[in-house]
>>> print(open('final_1.txt').read())   # compact mmCIF, C-alpha atoms
# COMPACT_ATOMS: atom_id res chain seq x y z
CA MET A 223 -13.01 61.42 2.46
CA VAL A 224 -10.41 58.69 2.69
CA THR A 225 -10.15 57.27 6.18
CA LYS A 226 -6.99 55.89 7.74
CA ASN A 227 -8.49 52.38 7.61
CA ASN A 228 -9.33 52.68 3.91
CA THR A 229 -5.81 53.92 3.18
CA MET A 230 -4.33 50.97 5.03
CA LYS A 231 -6.61 48.52 3.18
CA THR A 232 -5.59 50.02 -0.16
CA PHE A 233 -1.92 49.78 0.78
CA ILE A 234 -2.27 46.13 1.79
CA HIS A 235 -4.18 45.36 -1.42
CA ILE A 236 -1.44 46.96 -3.57
CA LEU A 237 1.29 45.19 -1.58
CA THR A 238 -0.44 41.84 -2.09
CA ILE A 239 -0.66 42.38 -5.86
CA VAL A 240 3.03 43.35 -6.03
CA LEU A 241 4.02 40.27 -3.99
CA VAL A 242 1.97 37.90 -6.16
CA MET A 243 3.34 39.42 -9.37
CA SER A 244 6.91 39.13 -8.07
CA LEU A 245 6.37 35.48 -7.21
CA ILE A 246 4.89 34.79 -10.63
CA GLY A 247 7.81 36.54 -12.25
CA CYS A 248 10.27 34.49 -10.22
CA ASP A 249 8.57 31.26 -11.25
CA ASP A 250 8.56 32.31 -14.90
CA THR A 251 12.27 33.09 -14.72
CA THR A 252 13.55 30.12 -12.73
CA TYR A 253 10.99 27.34 -12.98
CA SER A 254 9.33 27.83 -16.35
CA ASP A 255 9.55 25.49 -19.31
CA PRO A 256 8.92 25.80 -23.04
CA HIS A 257 5.36 24.50 -22.67
CA ARG A 258 4.41 26.78 -19.76
CA MET A 259 3.12 23.87 -17.72
CA PRO A 260 2.17 24.66 -14.12
CA VAL A 261 4.99 23.81 -11.75
CA ARG A 262 5.11 23.70 -7.95
CA VAL A 263 8.33 23.99 -5.94
CA PRO A 264 8.00 22.57 -2.39
CA GLY A 265 11.45 23.88 -1.37
CA LEU A 266 13.13 20.51 -0.81
CA HIS A 267 16.47 19.33 -2.14
CA ILE A 268 17.08 15.70 -3.11
CA ARG A 269 20.16 13.98 -1.73
CA SER A 270 19.48 10.83 -3.75
CA ILE A 271 16.69 10.18 -6.24
CA SER A 272 16.47 6.57 -5.03
CA LEU A 273 15.33 7.89 -1.61
CA VAL A 274 12.22 9.56 -3.07
CA LYS A 275 9.47 6.96 -2.70
CA PRO A 276 5.94 7.05 -4.16
CA MET A 277 3.01 6.32 -1.88
CA SER A 278 -0.24 4.58 -2.74
CA ASP A 279 -2.17 7.87 -2.45
CA GLY A 280 -0.18 9.47 -5.29
CA THR A 281 2.15 11.53 -3.08
CA VAL A 282 5.86 11.02 -2.49
CA VAL A 283 7.97 10.86 0.67
CA LEU A 284 11.68 11.33 1.32
CA PRO A 285 13.93 11.48 4.38
CA VAL A 286 15.23 14.89 5.43
CA SER A 287 18.34 15.19 7.60
CA GLU A 288 18.37 17.61 10.51
CA SER A 289 21.21 18.47 12.87
CA ASP A 290 19.78 16.16 15.53
CA GLY A 291 18.10 13.44 13.50
CA VAL A 292 16.01 12.48 10.49
CA LYS A 293 12.39 13.21 9.68
CA ILE A 294 10.14 12.24 6.79
CA ALA A 295 8.77 14.84 4.38
CA LYS A 296 5.51 13.93 2.67
CA VAL A 297 4.97 16.03 -0.46
CA MET A 298 1.40 16.51 -1.67
CA ARG A 299 0.35 17.08 -5.28
CA ASP A 300 -0.13 20.79 -4.60
CA GLY A 301 3.40 21.16 -3.24
CA ILE A 302 2.42 21.32 0.43
CA VAL A 303 4.88 19.44 2.66
CA ALA A 304 3.94 17.63 5.88
CA TYR A 305 6.70 16.49 8.23
CA SER A 306 6.88 13.53 10.56
CA GLU A 307 8.24 13.41 14.07
CA LEU A 308 12.01 13.61 14.38
CA ALA A 309 13.84 10.30 14.70
CA ALA A 310 17.06 10.38 16.69
CA VAL A 311 19.08 8.56 14.05
CA MET A 312 21.90 10.48 12.43
CA GLU A 313 22.05 8.83 9.03
CA CYS A 314 19.71 7.16 6.55
CA SER A 315 21.33 4.15 4.87
CA TYR A 316 18.04 2.69 3.64
CA PHE A 317 14.54 4.08 3.24
CA GLN A 318 11.43 2.03 2.51
CA VAL A 319 7.67 2.46 2.42
CA ASN A 320 4.77 0.00 2.35
CA THR A 321 1.23 -0.04 1.00
CA SER A 322 -0.14 1.00 4.40
CA GLY A 323 1.61 4.37 4.21
CA GLU A 324 4.28 3.50 6.77
CA CYS A 325 7.95 4.43 6.37
CA LEU A 326 11.17 2.80 7.56
CA VAL A 327 14.51 4.56 8.06
CA ALA A 328 17.50 2.32 8.70
CA TYR A 329 21.05 3.24 9.66
CA ARG A 330 23.89 0.71 9.63
CA GLU A 331 26.05 1.36 12.69
CA THR A 332 28.36 -1.63 12.22
CA LYS A 333 28.47 -4.63 9.91
CA CYS A 334 26.13 -6.60 12.18
CA ARG A 335 24.08 -3.88 13.84
CA GLU A 336 21.33 -1.80 12.27
CA THR A 337 19.16 0.91 13.82
CA VAL A 338 15.61 0.93 12.44
CA VAL A 339 12.92 3.55 12.94
CA LYS A 340 9.36 3.06 11.69
CA PHE A 341 6.84 5.86 11.18
CA ASP A 342 3.10 5.29 10.89
CA ARG A 343 1.07 6.90 8.10
CA LEU A 344 0.56 10.01 10.25
CA GLY A 345 4.29 10.47 10.78
CA ASN A 346 4.48 9.23 14.36
CA VAL A 347 7.50 7.13 15.40
CA THR A 348 6.13 3.72 16.39
CA VAL A 349 9.34 1.64 16.41
CA ASN A 350 12.87 2.67 17.34
CA SER A 351 14.96 -0.45 17.73
CA GLU A 352 18.03 -2.37 16.64
CA ILE A 353 18.62 -5.43 14.50
CA VAL A 354 21.63 -7.42 15.66
CA ASP A 355 23.00 -10.42 13.76
CA ASP A 356 24.87 -12.56 16.28
CA ASP A 357 26.15 -14.86 13.53
CA GLU A 358 28.33 -12.01 12.25
CA VAL A 359 27.49 -12.63 8.62
CA GLY A 360 26.33 -9.06 8.22
CA VAL A 361 22.81 -7.67 8.49
CA ASN A 362 21.12 -7.47 5.11
CA GLU A 363 18.93 -4.53 4.18
CA PRO A 364 15.96 -4.38 6.59
CA LEU A 365 12.54 -5.01 5.08
CA LEU A 366 9.28 -3.18 5.79
CA LEU A 367 6.44 -5.61 5.17
CA ASP A 368 2.95 -4.53 4.11
CA ASN A 369 1.51 -5.70 7.45
CA GLY A 370 3.87 -3.33 9.29
CA ASP A 371 6.40 -5.93 10.43
CA ILE A 372 10.12 -5.24 10.11
CA GLY A 373 12.17 -8.13 8.78
CA TYR A 374 15.74 -9.02 7.97
CA VAL A 375 17.47 -11.98 6.35
CA ASN A 376 20.30 -14.33 7.27
CA TRP A 377 21.11 -18.01 6.73
CA ASN A 378 20.93 -21.05 9.03
CA GLU A 379 23.31 -23.99 9.41
CA ASN A 380 21.71 -25.70 6.41
CA ASN A 381 22.46 -22.63 4.28
CA GLU A 382 18.74 -21.92 4.00
CA MET A 383 17.52 -18.32 3.80
CA VAL A 384 15.79 -17.26 7.01
CA LEU A 385 13.54 -14.20 7.16
CA HIS A 386 13.30 -12.93 10.73
CA THR A 387 10.63 -10.57 12.05
CA LEU A 388 11.67 -7.99 14.63
CA GLY A 389 10.14 -8.88 17.99
CA SER A 390 9.12 -12.40 16.95
CA ASN A 391 10.74 -15.75 17.69
CA PHE A 392 9.17 -17.47 14.67
CA PRO A 393 11.42 -17.11 11.62
CA TYR A 394 10.31 -17.72 8.06
CA VAL A 395 12.54 -20.31 6.37
CA ILE A 396 12.90 -20.58 2.61
CA LYS A 397 14.06 -24.13 1.95
CA ASN A 398 16.55 -23.29 -0.77
CA SER A 399 20.21 -22.32 -0.56
CA ASP A 400 20.38 -20.42 -3.87
CA TRP A 401 19.03 -17.05 -2.77
CA VAL A 402 20.85 -13.96 -1.56
CA ARG A 403 18.03 -11.37 -1.71
CA VAL A 404 14.32 -11.45 -0.95
CA GLN A 405 11.42 -9.07 -1.52
CA PRO A 406 8.20 -9.75 0.42
CA PHE A 407 4.90 -8.92 -1.29
CA ASP A 408 1.34 -9.48 -0.12
CA ASP A 409 1.73 -12.67 2.01
CA LYS A 410 4.47 -14.15 -0.21
CA CYS A 411 8.16 -13.70 -0.98
CA PHE A 412 10.13 -13.22 -4.18
CA ALA A 413 13.66 -14.55 -3.61
CA PHE A 414 16.45 -14.18 -6.17
CA ASN A 415 20.13 -14.43 -6.97
CA ASP A 416 21.61 -13.06 -10.21
CA ASN A 417 19.18 -14.31 -12.89
CA LEU A 418 17.41 -17.01 -10.84
CA PHE A 419 14.23 -16.50 -8.82
CA GLY A 420 11.80 -18.40 -6.65
CA ILE A 421 8.37 -17.44 -5.30
CA TYR A 422 7.23 -18.76 -1.91
CA ASP A 423 4.03 -18.71 0.13
CA ALA A 424 3.74 -17.86 3.83
CA ASP A 425 4.72 -21.43 4.80
CA GLY A 426 7.91 -21.42 2.72
CA ASN A 427 6.45 -23.61 -0.03
CA GLU A 428 7.64 -22.93 -3.56
CA LEU A 429 4.96 -21.51 -5.86
CA GLY A 430 7.15 -20.98 -8.89
CA LYS A 431 10.69 -20.47 -10.05
CA GLY A 432 12.59 -19.51 -13.16
CA GLU A 433 15.70 -18.29 -14.90
CA LEU A 434 15.84 -14.94 -16.67
CA GLU A 435 18.17 -13.38 -19.21
CA GLY A 436 20.10 -10.74 -17.30
CA MET A 437 20.61 -9.80 -13.66
CA ILE A 438 17.55 -9.20 -11.48
CA ASP A 439 17.79 -5.71 -10.01
CA THR A 440 14.56 -5.36 -8.05
CA VAL A 441 10.88 -6.27 -8.10
CA ARG A 442 7.69 -4.23 -7.59
CA TYR A 443 4.25 -5.54 -6.70
CA ILE A 444 1.48 -3.51 -8.36
CA ASP A 445 -2.22 -4.33 -8.64
CA GLY A 446 -1.77 -8.06 -8.14
CA TYR A 447 1.22 -8.51 -10.48
CA LEU A 448 4.99 -8.61 -10.11
CA TYR A 449 7.08 -6.25 -12.21
CA VAL A 450 10.66 -7.56 -12.26
CA ILE A 451 13.36 -5.11 -13.35
CA VAL A 452 16.30 -6.89 -15.01
CA ARG A 453 19.69 -5.50 -16.08
CA GLY A 454 20.88 -6.71 -19.48
CA GLY A 455 24.32 -5.10 -19.77
CA ILE A 456 25.73 -2.06 -21.54
CA ALA A 457 23.80 -1.12 -24.67
CA ASN A 458 26.86 -0.12 -26.73
CA PRO A 459 29.94 -1.68 -25.08
CA ASP A 460 32.28 -0.42 -27.81
CA THR A 461 31.54 3.22 -26.95
CA GLU A 462 34.10 4.75 -24.59
CA PHE A 463 31.68 6.83 -22.53
CA ASP A 464 28.45 4.87 -22.79
CA PHE A 465 26.46 4.76 -19.56
CA ILE A 466 23.27 3.40 -21.14
CA GLU A 467 22.15 -0.09 -20.19
CA LYS A 468 19.72 -2.57 -21.65
CA TRP A 469 16.84 -3.19 -19.25
CA SER A 470 13.84 -5.47 -19.26
CA VAL A 471 10.70 -4.89 -17.21
CA LEU A 472 8.94 -8.25 -16.91
CA LYS A 473 5.30 -8.39 -15.91
CA MET A 474 4.79 -11.62 -14.03
CA SER A 475 1.97 -13.45 -12.27
CA THR A 476 2.45 -14.23 -8.58
CA ASP A 477 3.34 -17.84 -9.44
CA GLY A 478 6.16 -16.78 -11.80
CA ARG A 479 4.45 -16.90 -15.19
CA ILE A 480 5.87 -14.21 -17.50
CA ILE A 481 3.17 -12.14 -19.21
CA TYR A 482 5.46 -9.82 -21.18
CA SER A 483 8.94 -8.32 -21.29
CA ALA A 484 9.29 -4.62 -22.12
CA GLU A 485 12.71 -3.56 -23.42
CA ILE A 486 14.13 -0.23 -22.24
CA GLU A 487 17.48 1.47 -22.78
CA ASN A 488 18.64 4.09 -20.28
CA SER A 489 21.01 4.45 -17.33
CA GLU A 490 18.68 3.88 -14.38
CA ILE A 491 15.04 2.99 -13.67
CA TYR A 492 13.38 4.75 -10.74
CA ASN A 493 9.65 4.11 -10.51
CA LEU A 494 6.75 2.36 -12.22
CA THR A 495 3.15 3.53 -12.53
CA VAL A 496 0.33 1.37 -13.89
CA HIS A 497 -2.61 3.42 -15.17
CA ASP A 498 -5.30 3.09 -17.82
CA GLY A 499 -3.80 -0.03 -19.39
CA LYS A 500 -0.31 1.46 -19.56
CA LEU A 501 2.93 1.01 -17.66
CA ILE A 502 4.77 4.30 -17.11
CA VAL A 503 8.50 3.92 -16.37
CA THR A 504 10.68 6.79 -15.15
CA GLY A 505 14.45 6.80 -15.40
CA ASP A 506 17.43 8.81 -16.54
CA VAL A 507 20.28 8.84 -19.03
CA ILE A 508 23.80 9.71 -17.94
CA GLN A 509 25.34 11.73 -20.74
CA GLU A 510 28.89 11.72 -21.98
CA ILE A 511 31.25 13.70 -19.80
CA ALA A 512 31.51 16.41 -22.43
CA LYS A 513 27.75 17.00 -22.27
CA ASP A 514 27.86 17.42 -18.45
CA GLY A 515 25.05 15.83 -16.52
CA SER A 516 22.04 13.70 -17.20
CA TYR A 517 18.47 13.98 -18.39
CA GLY A 518 15.28 12.10 -17.75
CA GLU A 519 13.24 9.61 -19.74
CA VAL A 520 9.70 8.34 -19.44
CA TYR A 521 8.71 5.16 -21.26
CA ILE A 522 5.03 4.46 -21.86
CA VAL A 523 4.40 0.74 -22.35
CA ASP A 524 1.28 -1.21 -23.29
CA ASP A 525 0.52 -3.13 -20.10
CA ILE A 526 -1.17 -5.94 -22.06
CA ASN A 527 1.64 -6.95 -24.44
CA GLY A 528 4.71 -4.96 -23.31
CA ASN A 529 5.10 -2.98 -26.53
CA VAL A 530 6.71 0.44 -26.07
CA ILE A 531 4.14 3.06 -27.10
CA SER A 532 6.37 6.10 -26.75
CA LYS A 533 9.55 7.44 -25.17
CA ILE A 534 9.59 10.91 -23.67
CA SER A 535 12.95 12.63 -23.16
CA THR A 536 13.85 15.79 -21.23
CA ASP A 537 17.19 16.30 -22.97
CA ASN A 538 18.31 19.96 -22.88
CA TYR A 539 15.23 20.97 -20.92
CA ASN A 540 15.22 24.77 -21.00
CA GLY A 541 18.74 25.23 -19.65
CA CYS A 542 18.54 22.73 -16.82
CA SER A 543 18.64 19.06 -15.93
CA LEU A 544 15.17 17.61 -15.35
CA ILE A 545 14.66 13.99 -14.29
CA PRO A 546 11.10 12.71 -13.80
CA ILE A 547 11.00 10.54 -10.66
CA TYR A 548 7.36 9.49 -10.39
CA VAL A 549 4.29 10.01 -12.56
CA SER A 550 1.12 10.27 -10.46
CA PRO A 551 -2.21 10.16 -12.35
CA ASP A 552 -4.88 12.40 -10.85
CA PRO A 553 -8.67 11.80 -10.67
CA ASN A 554 -9.26 14.10 -13.68
CA GLY A 555 -7.25 12.03 -16.14
CA GLU A 556 -4.22 14.31 -15.95
CA TYR A 557 -0.79 13.85 -14.35
CA ASP A 558 1.40 15.23 -11.60
CA VAL A 559 5.04 14.56 -12.39
CA TYR A 560 7.44 14.63 -9.44
CA ALA A 561 10.87 15.49 -10.79
CA ALA A 562 14.43 16.43 -9.79
CA ARG A 563 15.46 19.73 -11.31
CA ARG A 564 18.86 21.45 -11.34
CA GLU A 565 19.60 24.66 -13.18
CA ASN A 566 22.77 24.66 -15.26
CA TYR A 567 24.32 27.29 -12.99
CA GLU A 568 23.68 25.20 -9.85
CA SER A 569 26.16 22.69 -8.45
CA ASP A 570 24.32 21.52 -5.32
CA GLU A 571 21.55 18.97 -4.91
CA PRO A 572 18.58 19.25 -7.30
CA GLN A 573 15.24 20.57 -6.13
CA LEU A 574 12.07 18.52 -6.02
CA VAL A 575 9.47 20.05 -8.35
CA ILE A 576 5.99 18.96 -9.40
CA TYR A 577 4.76 19.52 -12.94
CA HIS A 578 1.10 19.20 -13.83
CA THR A 579 0.11 18.26 -17.36
CA ASP A 580 -2.77 16.77 -19.30
CA ASP A 581 -0.36 15.06 -21.71
CA LEU A 582 2.97 13.49 -20.77
CA SER A 583 4.29 14.06 -24.30
CA LYS A 584 4.53 17.76 -23.41
CA LEU A 585 7.61 16.84 -21.40
CA ASN A 586 9.38 15.75 -24.59
CA ILE A 587 12.36 18.03 -25.33
CA GLU A 588 14.60 15.55 -27.11
CA ASN A 589 17.06 17.17 -29.53
>>> encode(input="final_1.txt", output="structure tokens")
Amino acid sequence: MVTKNNTMKTFIHILTIVLVMSLIGCDDTTYSDPHRMPVRVPGLHIRSISLVKPMSDGTVVLPVSESDGVKIAKVMRDGIVAYSELAAVMECSYFQVNTSGECLVAYRETKCRETVVKFDRLGNVTVNSEIVDDDEVGVNEPLLLDNGDIGYVNWNENNEMVLHTLGSNFPYVIKNSDWVRVQPFDDKCFAFNDNLFGIYDADGNELGKGELEGMIDTVRYIDGYLYVIVRGGIANPDTEFDFIEKWSVLKMSTDGRIIYSAEIENSEIYNLTVHDGKLIVTGDVIQEIAKDGSYGEVYIVDDINGNVISKISTDNYNGCSLIPIYVSPDPNGEYDVYAARRENYESDEPQLVIYHTDDLSKLNIEN
């Protein structure tokens, strides 16, 4: 005899199977790829790829705009999303993270006034303040230091670069008038202007300097080394619709000694990962207007000598645009690849997706 409870249990069991199968079918239809790699879709859209930042624990974070403010979404490897507190700031002009897992959202209200909000690693708002430059030279991009301090740069009457710390009356002076940008790392600073750079200790003393071929774009500090990303100009200047640039990624000691220079050609570089003796570089290629859109590229570089081992392209990736943003190695020797994906029929912002693979070459769809 079938009881009412047994009937209900059977109905729920069948309904669960139907729901799971429908979800699997949806994934196979919309978020599959030729290699059938597992893919997770957290349900977030990406306003700007440059705002998706990798964290030291292998996750990524990005700011999410709400009607009454901005919050931070932390996306785990399994696609689960954790949200921070809401910050009552209406725009996000800059977004930065540090090695301690803290995040900084900054909004430029006027030329000389910047609102800054800092979140701790648990997503709590710990600072909500303003940076005001009374000299009216314009507030430069705020800086989130690894020790949690918030800094900004201006220049004194001697035309020396001065790094101020929010809430402190003791500025950090770099005794050189050549620099227009600075990137703190560890307890030091990498200052630069065009192709010139200088490295300074916590007392403002010069540890090293140099001149590079090309324009310094940015610098990353990874595992005790500096990785300096340098623009080298258009790869094929005679081509009418060529958006591909020559890039160099220079591995450098913290006193400015160049260890290698890896040559890369694409439109933009997003993130670097150092793992198992290799440097993994994510970027994209803007296609000709007739080809409509862009596709992603991953360069794998020998981290000892800078030789390019392989280039992985997602050109014409199963009827959509797929741009790898960050490659996160997992403890099992495999990879989670955070990527921006837009179907060809979509015109809005791409979705954030996470592919899992045991071999990055499986992403290669170059035609």
>>> closest_residue(input="final_1.txt", among="A:His578, A:Ser278, A:Leu308, A:Glu363", to="Val496 in chain A", atoms="all atoms listed in the file")
A:Ser278
>>> residues_around(input="final_1.txt", residues="Glu556 in chain A", least_positions_apart="3", cutoff="9 Å", atoms="all atoms listed in the file", output="list in words")
Ser550, Pro551, Asp552, Pro553, His578, Thr579, Asp580, Asp581 and Leu582 of chain A
>>> closest_residue(input="final_1.txt", among="A:Ile271, A:Ile508, A:Leu429, A:Val292", to="Ile466 in chain A", atoms="all atoms listed in the file")
A:Ile508
>>> closest_residue(input="final_1.txt", among="A:Asp400, A:Glu487, A:Glu571, A:Asp525", to="Ile456 in chain A", atoms="all atoms listed in the file")
A:Glu487
>>> residues_around(input="final_1.txt", residues="range 388-394 of chain A", least_positions_apart="6", cutoff="8 Å", atoms="only C-alpha atoms", output="PyMOL selection string")
chain A and resi 353+371-374+424-426
>>> write_last_selection(input="final_1.txt", atoms="C-alpha atoms", output="mmCIF file, keeping the file's coordinate frame")
data_model
loop_
_atom_site.group_PDB
_atom_site.id
_atom_site.type_symbol
_atom_site.label_atom_id
_atom_site.label_comp_id
_atom_site.auth_asym_id
_atom_site.auth_seq_id
_atom_site.Cartn_x
_atom_site.Cartn_y
_atom_site.Cartn_z
ATOM 1 C CA ILE A 353 18.620 -5.430 14.500
ATOM 2 C CA ASP A 371 6.400 -5.930 10.430
ATOM 3 C CA ILE A 372 10.120 -5.240 10.110
ATOM 4 C CA GLY A 373 12.170 -8.130 8.780
ATOM 5 C CA TYR A 374 15.740 -9.020 7.970
ATOM 6 C CA ALA A 424 3.740 -17.860 3.830
ATOM 7 C CA ASP A 425 4.720 -21.430 4.800
ATOM 8 C CA GLY A 426 7.910 -21.420 2.720
#
>>> residues_around(input="final_1.txt", residues="Pro264 in chain A", least_positions_apart="4", cutoff="8 Å", atoms="only C-alpha atoms", output="JSON, numbers by chain")
{"A": [297, 301, 302, 303, 574, 575]}
>>> residues_near_point(input="final_1.txt", point="(2.7, 7.6, -15.5)", cutoff="6 Å", atoms="only C-alpha atoms", output="list in words")
Thr495, Ile502, Val549 and Ser550 of chain A
>>> atom_distance(input="final_1.txt", atom1="CA of Arg442 in chain A", atom2="CA of Val347 in chain A")
25.6 Å
>>> atom_distance(input="final_1.txt", atom1="CA of Val263 in chain A", atom2="CA of Ala328 in chain A")
27.7 Å
>>> closest_residue(input="final_1.txt", among="A:Asp477, A:Ile421, A:Gly323, A:Gly280", to="His497 in chain A", atoms="all atoms listed in the file")
A:Gly280
>>> residues_near_point(input="final_1.txt", point="(5.1, -15.0, -3.4)", cutoff="9 Å", atoms="all atoms listed in the file", output="ChimeraX atom specification")
/A:405-413,420-424,428-430,476-478
>>> atom_distance(input="final_1.txt", atom1="CA of Ile268 in chain A", atom2="CA of Val375 in chain A")
29.3 Å
>>> residues_around(input="final_1.txt", residues="range 446-454 of chain A", least_positions_apart="6", cutoff="9 Å", atoms="only C-alpha atoms", output="VMD selection string")
chain A and resid 407 to 408 417 434 to 440 467 to 476 478 491 494
>>> axis_aligned_box(input="final_1.txt", around="range 259-269 of chain A", padding_each_side="3 Å", output="JSON")
{"center_x": 11.2, "center_y": 19.3, "center_z": -9.3, "size_x": 24.0, "size_y": 16.7, "size_z": 22.9}
>>> closest_residue(input="final_1.txt", among="A:Ile576, A:Ile294, A:Ile531, A:Leu544", to="Ala484 in chain A", atoms="all atoms listed in the file")
A:Ile531
>>> closest_residue(input="final_1.txt", among="A:Gly505, A:Pro276, A:Gly265, A:Gly541", to="Thr321 in chain A", atoms="all atoms listed in the file")
A:Pro276
>>> decode(input="final_1.txt", residues="range 567-574 of chain A", atoms="all heavy atoms", output="CSV table (one decimal), in the first residue's frame")
chain,number,residue,atom,x,y,z
A,567,TYR,N,25.1,36.2,-29.5
A,567,TYR,CA,23.8,36.8,-29.6
A,567,TYR,C,23.6,37.8,-28.5
A,567,TYR,O,22.6,38.5,-28.5
A,567,TYR,CB,22.7,35.8,-29.6
A,567,TYR,CG,22.7,34.9,-28.4
A,567,TYR,CD1,22.2,35.3,-27.1
A,567,TYR,CD2,23.2,33.6,-28.5
A,567,TYR,CE1,22.3,34.5,-26.0
A,567,TYR,CE2,23.3,32.7,-27.4
A,567,TYR,CZ,22.8,33.2,-26.1
A,567,TYR,OH,22.8,32.4,-25.0
A,568,GLU,N,24.5,38.0,-27.6
A,568,GLU,CA,24.4,38.9,-26.5
A,568,GLU,C,25.1,40.2,-26.8
A,568,GLU,O,26.2,40.2,-27.4
A,568,GLU,CB,25.0,38.3,-25.2
A,568,GLU,CG,24.2,37.1,-24.7
A,568,GLU,CD,24.9,36.5,-23.5
A,568,GLU,OE1,26.1,36.5,-23.4
A,568,GLU,OE2,24.2,36.0,-22.6
A,569,SER,N,24.6,41.3,-26.3
A,569,SER,CA,25.2,42.6,-26.5
A,569,SER,C,25.5,43.3,-25.2
A,569,SER,O,26.1,44.4,-25.3
A,569,SER,CB,24.2,43.5,-27.4
A,569,SER,OG,23.0,43.7,-26.7
A,570,ASP,N,25.1,42.7,-24.1
A,570,ASP,CA,25.4,43.4,-22.8
A,570,ASP,C,26.7,42.9,-22.3
A,570,ASP,O,27.6,42.4,-23.0
A,570,ASP,CB,24.2,43.1,-21.8
A,570,ASP,CG,24.0,41.6,-21.6
A,570,ASP,OD1,24.7,40.8,-22.3
A,570,ASP,OD2,23.2,41.2,-20.8
A,571,GLU,N,27.0,43.2,-21.0
A,571,GLU,CA,28.2,42.9,-20.4
A,571,GLU,C,28.5,41.4,-20.3
A,571,GLU,O,27.5,40.6,-20.1
A,571,GLU,CB,28.3,43.5,-19.0
A,571,GLU,CG,28.2,45.0,-19.0
A,571,GLU,CD,27.9,45.6,-17.6
A,571,GLU,OE1,27.6,44.8,-16.7
A,571,GLU,OE2,28.1,46.8,-17.4
A,572,PRO,N,29.7,40.9,-20.5
A,572,PRO,CA,30.0,39.5,-20.4
A,572,PRO,C,29.7,38.9,-19.0
A,572,PRO,O,29.8,39.7,-18.0
A,572,PRO,CB,31.4,39.4,-20.8
A,572,PRO,CG,32.0,40.7,-20.4
A,572,PRO,CD,30.9,41.7,-20.7
A,573,GLN,N,29.5,37.6,-18.9
A,573,GLN,CA,29.4,37.0,-17.6
A,573,GLN,C,30.8,36.5,-17.2
A,573,GLN,O,31.6,36.2,-18.0
A,573,GLN,CB,28.5,35.8,-17.7
A,573,GLN,CG,27.0,36.1,-17.8
A,573,GLN,CD,26.1,35.0,-17.3
A,573,GLN,OE1,26.2,34.7,-16.1
A,573,GLN,NE2,25.3,34.4,-18.1
A,574,LEU,N,30.9,36.4,-15.9
A,574,LEU,CA,32.1,35.8,-15.3
A,574,LEU,C,31.8,34.3,-15.2
A,574,LEU,O,30.8,33.9,-14.6
A,574,LEU,CB,32.3,36.3,-13.9
A,574,LEU,CG,33.5,35.7,-13.1
A,574,LEU,CD1,34.8,36.0,-13.8
A,574,LEU,CD2,33.5,36.2,-11.7
